[in-house]
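This is work_20.cif. It holds mmCIF, C-alpha atoms.
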```
data_target
loop_
_atom_site.label_atom_id
_atom_site.label_comp_id
_atom_site.auth_asym_id
_atom_site.auth_seq_id
_atom_site.Cartn_x
_atom_site.Cartn_y
_atom_site.Cartn_z
CA MET A 175 -14.27 -26.24 27.92
CA ALA A 176 -14.96 -29.61 26.41
CA ASP A 177 -12.25 -32.18 25.74
CA GLY A 178 -11.31 -30.92 22.26
CA HIS A 179 -10.22 -34.14 20.57
CA ILE A 180 -13.67 -35.62 21.21
CA LYS A 181 -15.66 -32.57 20.21
CA VAL A 182 -13.90 -31.46 17.05
CA THR A 183 -12.08 -33.03 14.10
CA ARG A 184 -9.10 -32.07 12.00
CA GLU A 185 -11.53 -30.72 9.41
CA ASP A 186 -13.14 -28.53 12.08
CA TRP A 187 -9.78 -26.97 12.95
CA LEU A 188 -9.02 -26.45 9.28
CA ALA A 189 -12.44 -24.89 8.66
CA ALA A 190 -11.95 -22.53 11.61
CA ALA A 191 -8.52 -21.53 10.27
CA ARG A 192 -9.99 -20.91 6.82
CA ALA A 193 -12.78 -18.74 8.28
CA ALA A 194 -10.33 -16.71 10.38
CA LEU A 195 -8.03 -16.19 7.40
CA ILE A 196 -10.86 -14.98 5.20
CA GLN A 197 -12.48 -12.75 7.79
CA ASP A 198 -9.49 -11.20 9.55
CA GLY A 199 -6.25 -12.24 7.87
CA ILE A 200 -3.37 -14.57 8.59
CA ASP A 201 -2.37 -12.90 11.87
CA THR A 202 -5.60 -14.17 13.46
CA VAL A 203 -4.95 -17.80 12.54
CA LYS A 204 -3.55 -18.77 15.94
CA VAL A 205 -4.17 -21.85 18.04
CA MET A 206 -5.64 -20.06 21.07
CA ALA A 207 -7.93 -17.92 18.94
CA LEU A 208 -9.14 -20.92 16.95
CA ALA A 209 -9.73 -22.89 20.14
CA ALA A 210 -11.91 -20.05 21.41
CA ARG A 211 -13.77 -19.97 18.09
CA LEU A 212 -14.43 -23.71 18.35
CA ASP A 213 -15.08 -23.56 22.12
CA VAL A 214 -12.58 -26.31 22.89
CA SER A 215 -9.27 -26.58 24.71
CA ARG A 216 -6.20 -25.95 22.62
CA SER A 217 -4.81 -29.36 23.60
CA SER A 218 -7.12 -30.98 21.02
CA PHE A 219 -5.28 -29.08 18.29
CA TYR A 220 -2.19 -31.22 18.86
CA TRP A 221 -4.07 -34.41 18.09
CA TYR A 222 -4.13 -33.27 14.46
CA PHE A 223 -1.30 -30.78 13.93
CA THR A 224 2.28 -30.60 15.16
CA ASN A 225 2.19 -26.82 15.52
CA ARG A 226 0.77 -23.68 13.93
CA ASP A 227 3.09 -24.01 10.94
CA SER A 228 1.72 -27.45 10.13
CA LEU A 229 -1.80 -26.00 10.21
CA LEU A 230 -0.76 -23.24 7.79
CA VAL A 231 0.72 -25.84 5.44
CA ALA A 232 -2.55 -27.77 5.54
CA LEU A 233 -4.47 -24.56 4.85
CA LEU A 234 -2.38 -23.88 1.75
CA GLU A 235 -2.78 -27.47 0.58
CA HIS A 236 -6.55 -27.11 0.99
CA TRP A 237 -6.51 -23.90 -1.08
CA GLU A 238 -4.48 -25.54 -3.83
CA GLU A 239 -6.71 -28.61 -3.96
CA ARG A 240 -9.92 -26.59 -3.87
CA ASN A 241 -9.01 -23.83 -6.33
CA THR A 242 -6.07 -24.81 -8.53
CA ARG A 243 -7.11 -28.43 -8.94
CA SER A 244 -10.64 -27.41 -9.90
CA ILE A 245 -9.39 -25.02 -12.59
CA VAL A 246 -7.04 -27.63 -14.02
CA ASP A 247 -9.78 -30.25 -14.04
CA GLN A 248 -12.36 -27.95 -15.62
CA CYS A 249 -9.94 -26.82 -18.32
CA GLY A 250 -9.14 -30.44 -19.10
CA MET A 251 -12.75 -31.50 -19.62
CA GLU A 252 -13.87 -32.60 -23.04
CA ALA A 253 -15.74 -29.89 -24.92
CA ALA A 254 -17.23 -29.66 -28.39
CA CYS A 255 -15.70 -26.24 -29.11
CA ILE A 256 -13.47 -23.62 -27.56
CA ASN A 257 -16.40 -21.59 -26.26
CA ALA A 258 -17.85 -24.62 -24.47
CA ALA A 259 -14.37 -25.22 -23.03
CA ALA A 260 -14.17 -21.60 -21.84
CA CYS A 261 -17.54 -22.03 -20.17
CA ASN A 262 -16.18 -25.06 -18.32
CA PHE A 263 -13.50 -22.75 -16.93
CA PHE A 264 -16.12 -20.12 -16.03
CA ARG A 265 -18.06 -22.72 -14.06
CA CYS A 266 -15.38 -22.53 -11.37
CA PHE A 267 -16.44 -18.96 -10.62
CA ILE A 268 -20.14 -19.77 -10.52
CA ASP A 269 -20.09 -22.94 -8.43
CA PRO A 270 -18.55 -22.30 -4.97
CA SER A 271 -17.82 -26.01 -4.56
CA LEU A 272 -15.27 -25.66 -7.38
CA PHE A 273 -13.57 -22.41 -6.39
CA ASP A 274 -13.51 -20.59 -3.05
CA ARG A 275 -13.21 -16.91 -3.93
CA GLY A 276 -12.91 -15.74 -0.33
CA LEU A 277 -10.07 -18.14 0.33
CA GLU A 278 -8.36 -17.24 -2.95
CA PHE A 279 -8.03 -13.57 -2.14
CA ALA A 280 -7.26 -14.19 1.53
CA VAL A 281 -4.28 -16.33 0.48
CA ARG A 282 -3.19 -13.65 -2.00
CA SER A 283 -3.34 -11.08 0.79
CA TRP A 284 -1.32 -13.41 3.03
CA ALA A 285 1.31 -13.66 0.27
CA ARG A 286 2.01 -9.93 0.56
CA GLN A 287 3.72 -10.55 3.89
CA ASP A 288 5.14 -14.04 3.33
CA SER A 289 7.57 -14.74 0.48
CA ALA A 290 7.05 -18.52 0.74
CA VAL A 291 3.31 -18.08 0.20
CA ARG A 292 4.08 -15.71 -2.67
CA LYS A 293 6.00 -18.55 -4.33
CA ARG A 294 2.99 -20.85 -3.86
CA ILE A 295 0.78 -18.23 -5.50
CA ASP A 296 3.17 -17.87 -8.42
CA ALA A 297 3.32 -21.64 -8.88
CA ALA A 298 -0.48 -21.91 -8.75
CA ASP A 299 -0.91 -19.14 -11.32
CA ALA A 300 1.60 -20.87 -13.62
CA THR A 301 -0.23 -24.21 -13.28
CA ARG A 302 -3.60 -22.63 -14.00
CA LEU A 303 -2.26 -20.74 -17.02
CA GLN A 304 -0.68 -23.91 -18.38
CA ALA A 305 -4.05 -25.65 -18.14
CA LEU A 306 -5.73 -22.81 -20.00
CA GLU A 307 -3.02 -22.74 -22.66
CA ALA A 308 -3.42 -26.49 -23.18
CA MET A 309 -7.18 -25.97 -23.49
CA PHE A 310 -6.74 -23.46 -26.30
CA ILE A 311 -4.15 -25.63 -28.05
CA ARG A 312 -6.49 -28.63 -28.01
CA HIS A 313 -9.02 -26.50 -29.84
CA GLY A 314 -6.68 -25.57 -32.67
CA PHE A 315 -4.86 -22.44 -31.46
CA ASP A 316 -1.12 -22.23 -31.96
CA ARG A 317 1.01 -21.87 -28.83
CA PRO A 318 1.72 -18.11 -28.98
CA GLU A 319 -1.97 -17.30 -29.38
CA ALA A 320 -2.92 -19.85 -26.73
CA GLU A 321 -0.53 -18.16 -24.31
CA TRP A 322 -1.93 -14.66 -24.67
CA ARG A 323 -5.53 -15.81 -24.80
CA ALA A 324 -5.00 -17.84 -21.63
CA ARG A 325 -3.68 -14.74 -19.87
CA MET A 326 -6.55 -12.61 -21.09
CA ILE A 327 -9.24 -14.93 -19.80
CA TYR A 328 -7.46 -15.78 -16.53
CA PHE A 329 -6.40 -12.33 -15.41
CA MET A 330 -9.74 -10.84 -16.41
CA GLN A 331 -11.62 -13.45 -14.39
CA LEU A 332 -9.52 -12.99 -11.26
CA GLY A 333 -9.64 -9.23 -11.62
CA TYR A 334 -13.40 -9.35 -11.97
CA HIS A 335 -13.69 -10.91 -8.54
CA ALA A 336 -10.85 -8.93 -6.94
CA LEU A 337 -12.73 -5.73 -7.82
CA GLU A 338 -15.92 -7.20 -6.31
CA VAL A 339 -17.95 -6.16 -9.33
CA GLN A 340 -21.60 -5.77 -8.34
CA GLU A 341 -24.03 -6.90 -11.00
CA THR A 342 -26.89 -9.33 -11.29
CA MET A 343 -26.50 -12.72 -12.90
CA ASP A 344 -28.95 -11.63 -15.59
CA VAL A 345 -26.61 -8.78 -16.52
CA ARG A 346 -23.59 -11.07 -16.50
CA MET A 347 -25.30 -13.56 -18.77
CA SER A 348 -26.40 -10.80 -21.15
CA ARG A 349 -22.68 -10.09 -21.73
CA LEU A 350 -21.63 -13.73 -22.06
CA SER A 351 -21.69 -13.83 -25.86
CA GLY A 352 -19.45 -10.76 -26.13
CA TYR A 353 -17.06 -12.04 -23.47
CA LEU A 354 -16.65 -15.37 -25.25
CA LEU A 355 -16.12 -13.69 -28.59
CA GLY A 356 -13.45 -11.48 -27.05
CA PHE A 357 -11.66 -14.30 -25.25
CA THR A 358 -11.75 -16.91 -28.00
CA GLY A 359 -12.21 -14.96 -31.24
CA LYS A 360 -15.10 -17.30 -32.07
CA THR A 361 -18.81 -16.45 -32.09
CA PRO A 362 -20.46 -18.76 -29.55
CA ALA A 363 -23.27 -21.07 -30.64
CA PRO A 364 -26.68 -20.41 -29.05
CA SER A 365 -26.59 -23.88 -27.48
CA VAL A 366 -23.36 -23.01 -25.61
CA LEU A 367 -24.84 -19.78 -24.29
CA GLU A 368 -28.05 -21.50 -23.26
CA ALA A 369 -26.28 -24.34 -21.43
CA PHE A 370 -24.00 -22.05 -19.44
CA SER A 371 -26.76 -19.55 -18.64
CA GLU A 372 -28.91 -22.37 -17.31
CA PHE A 373 -26.01 -23.59 -15.17
CA ALA A 374 -25.33 -20.09 -13.82
CA MET A 375 -28.93 -19.28 -13.00
CA ARG A 376 -29.46 -22.65 -11.30
CA HIS A 377 -26.44 -22.16 -9.07
CA GLN A 378 -27.46 -18.61 -8.25
CA THR A 379 -30.79 -19.94 -6.96
CA GLU A 380 -29.10 -22.72 -5.00
CA ASN A 381 -26.60 -20.32 -3.45
CA LYS A 382 -29.37 -17.99 -2.30
CA GLU A 383 -31.28 -20.87 -0.73
CA GLN A 384 -28.19 -21.92 1.23
CA GLN A 385 -27.52 -18.45 2.62
#
```
Output the file's structure in the form of structure tokens.
Amino acid sequence: MADGHIKVTREDWLAAARAALIQDGIDTVKVMALAARLDVSRSSFYWYFTNRDSLLVALLEHWEERNTRSIVDQCGMEAACINAAACNFFRCFIDPSLFDRGLEFAVRSWARQDSAVRKRIDAADATRLQALEAMFIRHGFDRPEAEWRARMIYFMQLGYHALEVQETMDVRMSRLSGYLLGFTGKTPAPSVLEAFSEFAMRHQTENKEQQ
């Protein structure tokens, strides 16, 4: 085996841990197994992490920064109307650089056997919902309505991916107008539908090219 601290970086160890978590669950995120995955000695691990627990903390921090921060940022973006704002939120689930779906549900699975991770999940959900509520309030909804609309759009979106719904992007976009009307109570302008559909189709093409 190569001298690990020369061959790999902290980001490499973290990426290997993320891949193992997504593919096989938290029980496979172990130093020896990751060293074998990276083809390095396990001694290089300790250049970057104190122990396995410190790696797991870093993995959770990566998840929060990648997924929760993106949702908060997208919900906080300026938008001409509530439907354009909702589409900013939806962009997270189209652009994999904004939201890692595999990591999201791997962490949620991990939380079923770790109460500390369950608390991190609960805190993340609360933060995301607060961002969505604030988004609706900025666009003229009173707080009670903002709260239930935020929950509708958030839990539907996560459930959509948790169920691994199989449909083409064309089909998804054909339903966009109805989804937005249901979530916001406002009929979306054609310009909003066109802009988001263009974004979605472009990213679908880019994602296929990268696979």
d(CA of Asn241 in chain A, CA of Arg226 in chain A) in Å: 22.5 Å
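When the PyMOL selection byres ((chain A and resi 308) around 9) is evaluated against the file, it yields A:Cys249, A:Gly250, A:Leu303, A:Gln304, A:Ala305, A:Leu306, A:Glu307, A:Met309, A:Phe310, A:Ile311, A:Arg312, A:His313, A:Arg317, A:Ala320, A:Glu321, A:Ala324.
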Within 10 Å of Leu229 in chain A using all atoms listed in the file, minus same-chain residues under 4 positions, as a PyMOL selection string: chain A and resi 184+187-188+191+203-205+219+222-225+233-235
Proximity to Arg323 in chain A - best of A:Ile256, A:Ala297, A:Arg346, A:Arg275, only C-alpha atoms: A:Ile256
May I have the residues within 12 Å of Ser365 in chain A as a PDB file with C-alpha atoms, keeping the file's coordinate frame, using only C-alpha atoms and disregarding those fewer than 3 positions away in the same chain?
```pdb
ATOM      1  CA  ALA A 254     -17.230 -29.660 -28.390  1.00  0.00           C
ATOM      2  CA  CYS A 255     -15.700 -26.240 -29.110  1.00  0.00           C
ATOM      3  CA  ASN A 257     -16.400 -21.590 -26.260  1.00  0.00           C
ATOM      4  CA  ALA A 258     -17.850 -24.620 -24.470  1.00  0.00           C
ATOM      5  CA  CYS A 261     -17.540 -22.030 -20.170  1.00  0.00           C
ATOM      6  CA  SER A 351     -21.690 -13.830 -25.860  1.00  0.00           C
ATOM      7  CA  THR A 361     -18.810 -16.450 -32.090  1.00  0.00           C
ATOM      8  CA  PRO A 362     -20.460 -18.760 -29.550  1.00  0.00           C
ATOM      9  CA  GLU A 368     -28.050 -21.500 -23.260  1.00  0.00           C
ATOM     10  CA  ALA A 369     -26.280 -24.340 -21.430  1.00  0.00           C
ATOM     11  CA  PHE A 370     -24.000 -22.050 -19.440  1.00  0.00           C
ATOM     12  CA  SER A 371     -26.760 -19.550 -18.640  1.00  0.00           C
ATOM     13  CA  GLU A 372     -28.910 -22.370 -17.310  1.00  0.00           C
TER      14      GLU A 372
END
```
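With the shown file loaded, the PyMOL selection byres ((chain A and resi 373) around 12) picks out Cys261, Asn262, Phe264, Arg265, Cys266, Phe267, Ile268, Asp269, Met343, Met347, Val366, Leu367, Glu368, Ala369, Phe370, Ser371, Glu372, Ala374, Met375, Arg376, His377, Gln378, Thr379 and Glu380 of chain A.
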Selected residue, from A:Met251, A:Val182, A:Leu195, A:Val246, that lies nearest to Ser218 in chain A when counting only C-alpha atoms: A:Val182
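Here CA of Trp237 in chain A stands at a distance of 6.9 Å from CA of Leu277 in chain A.
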Closest of A:Ile295, A:Ala260, A:Ala210, A:Leu350 to Glu278 in chain A - atom-to-atom distances counting all atoms listed in the file: A:Ile295
Output range 339-353 of chain A as a CSV table (one decimal), in the coordinates of the input, making sure N, CA, C and O atoms are there.
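File result.csv, as written:
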```
chain,number,residue,atom,x,y,z
A,339,VAL,N,-17.0,-6.8,-8.4
A,339,VAL,CA,-18.0,-6.2,-9.3
A,339,VAL,C,-19.4,-6.5,-8.9
A,339,VAL,O,-19.7,-7.7,-8.7
A,340,GLN,N,-20.2,-5.6,-8.8
A,340,GLN,CA,-21.6,-5.8,-8.3
A,340,GLN,C,-22.5,-5.7,-9.5
A,340,GLN,O,-22.8,-4.6,-10.1
A,341,GLU,N,-23.1,-6.9,-9.9
A,341,GLU,CA,-24.0,-6.9,-11.0
A,341,GLU,C,-24.8,-8.2,-10.9
A,341,GLU,O,-24.4,-9.1,-10.3
A,342,THR,N,-26.0,-8.2,-11.4
A,342,THR,CA,-26.9,-9.3,-11.3
A,342,THR,C,-26.4,-10.4,-12.3
A,342,THR,O,-25.7,-10.1,-13.2
A,343,MET,N,-26.8,-11.6,-12.0
A,343,MET,CA,-26.5,-12.7,-12.9
A,343,MET,C,-27.1,-12.5,-14.3
A,343,MET,O,-26.5,-12.9,-15.3
A,344,ASP,N,-28.3,-11.9,-14.3
A,344,ASP,CA,-29.0,-11.6,-15.6
A,344,ASP,C,-28.1,-10.7,-16.4
A,344,ASP,O,-27.9,-10.9,-17.6
A,345,VAL,N,-27.5,-9.7,-15.8
A,345,VAL,CA,-26.6,-8.8,-16.5
A,345,VAL,C,-25.4,-9.5,-17.0
A,345,VAL,O,-24.9,-9.4,-18.1
A,346,ARG,N,-24.8,-10.3,-16.1
A,346,ARG,CA,-23.6,-11.1,-16.5
A,346,ARG,C,-23.9,-12.0,-17.7
A,346,ARG,O,-23.1,-12.0,-18.6
A,347,MET,N,-25.0,-12.6,-17.7
A,347,MET,CA,-25.3,-13.6,-18.8
A,347,MET,C,-25.6,-12.8,-20.1
A,347,MET,O,-25.4,-13.3,-21.2
A,348,SER,N,-26.1,-11.6,-19.9
A,348,SER,CA,-26.4,-10.8,-21.2
A,348,SER,C,-25.1,-10.4,-21.9
A,348,SER,O,-25.1,-10.1,-23.1
A,349,ARG,N,-24.0,-10.4,-21.2
A,349,ARG,CA,-22.7,-10.1,-21.7
A,349,ARG,C,-21.9,-11.3,-22.1
A,349,ARG,O,-20.8,-11.2,-22.7
A,350,LEU,N,-22.4,-12.5,-21.9
A,350,LEU,CA,-21.6,-13.7,-22.1
A,350,LEU,C,-21.2,-13.9,-23.5
A,350,LEU,O,-20.0,-14.2,-23.8
A,351,SER,N,-22.0,-13.6,-24.5
A,351,SER,CA,-21.7,-13.8,-25.9
A,351,SER,C,-20.5,-12.9,-26.2
A,351,SER,O,-19.6,-13.4,-26.9
A,352,GLY,N,-20.5,-11.7,-25.8
A,352,GLY,CA,-19.4,-10.8,-26.1
A,352,GLY,C,-18.2,-11.2,-25.4
A,352,GLY,O,-17.1,-11.1,-26.0
A,353,TYR,N,-18.3,-11.6,-24.2
A,353,TYR,CA,-17.1,-12.0,-23.5
A,353,TYR,C,-16.4,-13.2,-24.2
A,353,TYR,O,-15.2,-13.2,-24.4
```
